[in-house]
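What follows is a single structure, written as C-alpha cells, with notes after it.
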Amino acid sequence: MKIAKFTHVSETQYAEAMGERLADAVPVAEIPLPKRATAGSAGYDFVSPAETVIPAGGSALIPTGIRAEMEPGWVLMLFPRSSLGFKHGVRLSNTAGIIDSDYAFAKNEGHIMVKLRNPSDDPVTIGRGERFCQGIFLPYGTAEESGEFAERTGGFGSTGQ
C-alpha cells in the first residue's frame, strides 16, 4: 500500500535552513530521496547533505532537504540509525521525531530537520552523504473529539502555540 511520497524542498528553503553550511552541502536536487535498503526494511534511510559534527555533550541540527507528503491517518516517525546509537549513544533530541501528515504544507514546506544529541565525551562526525536516521510510516487512530482544529502554520513545535 503506497501512502506517501518523498520530495525535495525548494532551493530557497534549503538554503535558509543550511545557512553557512550551504557552500559545503550537496545541492538540494542531488540529495537522494529516502529509500529502504532491502525489501524487508521498514525504515527509509535519510542521508546527511553536509558533514555535521555533533560536539561532545552537545547537539546538532541536520536539515535533510526532504519533505514527506502522506495520506491522512499516517505519521512518519524518525529514529537515529542503530549504528549511531550503538557506537556513540547518539539519539534524537526529542527521543522520536514525529512528522504529521499535514506537516508537508507548513510554511517551511515540511522540511524534515533532525536534531541529534551526543551524550558521549567525544565529538561524533556524520559525513556528507552518510545515512544517519531512518523514517518509518505508521498508521494512527484518533479519539472522539469536537473536530475543531487549528490550521498548521509552522514547523517544529508550532501546533498549540
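Residues are named by chain letter and number: chains run A, B, ... in the order of the C-alpha cells, numbers start at 1 in each chain, and ligands are numbered from 1 in the order shown.
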| message | Report as a ChimeraX atom specification all protein, DNA and RNA residues lying within 10 Å of region 79-88 of chain A, evaluated on only C-alpha atoms, omitting residues in the same chain fewer than 3 positions from it. | response | /A:43,45-46,91-92,94-98,114-116,118-124,126,131-136
Kindly save the residues from that selection, with C-alpha atoms included, as a CSV table (one decimal), in the first residue's frame.
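Output contents, as saved in again.csv:
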chain,number,residue,atom,x,y,z
A,43,GLY,CA,12.9,2.2,7.7
A,45,ASP,CA,17.2,6.0,5.2
A,46,PHE,CA,17.9,9.7,5.3
A,91,ARG,CA,19.9,9.9,19.8
A,92,LEU,CA,17.3,12.4,18.7
A,94,ASN,CA,13.2,14.8,21.2
A,95,THR,CA,13.6,11.0,21.5
A,96,ALA,CA,11.5,10.1,18.5
A,97,GLY,CA,10.7,12.5,15.6
A,98,ILE,CA,7.0,12.8,14.7
A,114,VAL,CA,16.7,16.2,12.6
A,115,LYS,CA,18.3,17.3,15.8
A,116,LEU,CA,20.7,14.8,17.2
A,118,ASN,CA,25.6,13.3,21.6
A,119,PRO,CA,25.9,12.3,25.2
A,120,SER,CA,29.5,10.9,24.8
A,121,ASP,CA,32.7,12.6,25.8
A,122,ASP,CA,33.9,12.6,22.2
A,123,PRO,CA,32.6,14.5,19.2
A,124,VAL,CA,30.8,12.5,16.6
A,126,ILE,CA,28.4,12.4,10.4
A,131,ARG,CA,22.9,7.6,6.3
A,132,PHE,CA,22.2,8.9,9.7
A,133,CYS,CA,18.5,8.4,10.5
A,134,GLN,CA,15.5,6.4,9.3
A,135,GLY,CA,11.9,7.1,9.0
A,136,ILE,CA,9.1,4.6,9.4
| task | Tell me which protein, DNA and RNA residues are within 6 Å of Glu130 (chain A), counting only C-alpha atoms, leaving out same-chain ones fewer than 2 positions away, and put them as an MDAnalysis selection string. | result | chainID A and resid 47:48 127:128
The selected residues should be written to file as a CSV table (one decimal), in the first residue's frame (atoms: N, CA and C atoms).
chain,number,residue,atom,x,y,z
A,47,VAL,N,20.0,10.7,4.3
A,47,VAL,CA,21.4,10.9,4.3
A,47,VAL,C,21.7,12.4,4.7
A,48,SER,N,22.8,12.6,5.2
A,48,SER,CA,23.2,14.0,5.6
A,48,SER,C,23.7,14.7,4.4
A,127,GLY,N,29.3,12.1,8.2
A,127,GLY,CA,29.8,12.5,6.9
A,127,GLY,C,28.8,12.9,5.9
A,128,ARG,N,29.2,13.8,5.0
A,128,ARG,CA,28.3,14.2,3.9
A,128,ARG,C,27.9,12.9,3.1
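CA of Arg67 (chain A) is found 10.4 Å from CA of Ala106 (chain A).
One distance worth recording is that between CA of Ala50 (chain A) and CA of Val9 (chain A), which is 15.8 Å.
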| Per DSSP on the backbone, what are the strand (DSSP E or B) residues of region 70-159 of chain A, as JSON, numbers by chain? | {"A": [70, 74, 75, 76, 77, 78, 79, 80, 91, 92, 95, 97, 98, 99, 113, 114, 115, 116, 117, 124, 125, 126, 131, 132, 133, 134, 135, 136, 137, 138, 139]}
| message | If we count only C-alpha atoms and set the cut-off at 7 Å, which residues sit around Met113 (chain A), ignoring sequence neighbours fewer than 3 positions away in its own chain? Please answer as a PyMOL selection string. | response | chain A and resi 61-64
| field | Which of region 11-157 of chain A fall in alpha helix (DSSP H), as a PyMOL selection string | value | chain A and resi 11-18+82-88
| Distance query Ser10 (chain A) at most 8 Å, only C-alpha atoms, self and fewer than 3 positions along chain excluded, as a list in words | Gln13, Tyr14, Val28 and Glu109 of chain A
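Closest to Pro32 (chain A) among A:Gly58, A:Phe6, A:Ile99, A:Thr52 is A:Phe6, based on only C-alpha atoms.
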| request: For region 137-145 of chain A, please output as an MDAnalysis selection string all residues within 12 Å (counting only C-alpha atoms; exclusion window: fewer than 4 positions along the same chain). | output: chainID A and resid 1:6 36 41:44 68:79 97:101 149
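Our summary of the geometry notes that CA of Pro27 (chain A) is positioned 28.2 Å from CA of Ala39 (chain A).
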| said: Please list as a ChimeraX atom specification every residue within 7 Å of Val26 (chain A), counting only C-alpha atoms and excluding residues in the same chain fewer than 3 positions away. | reply: /A:30-31,49-50
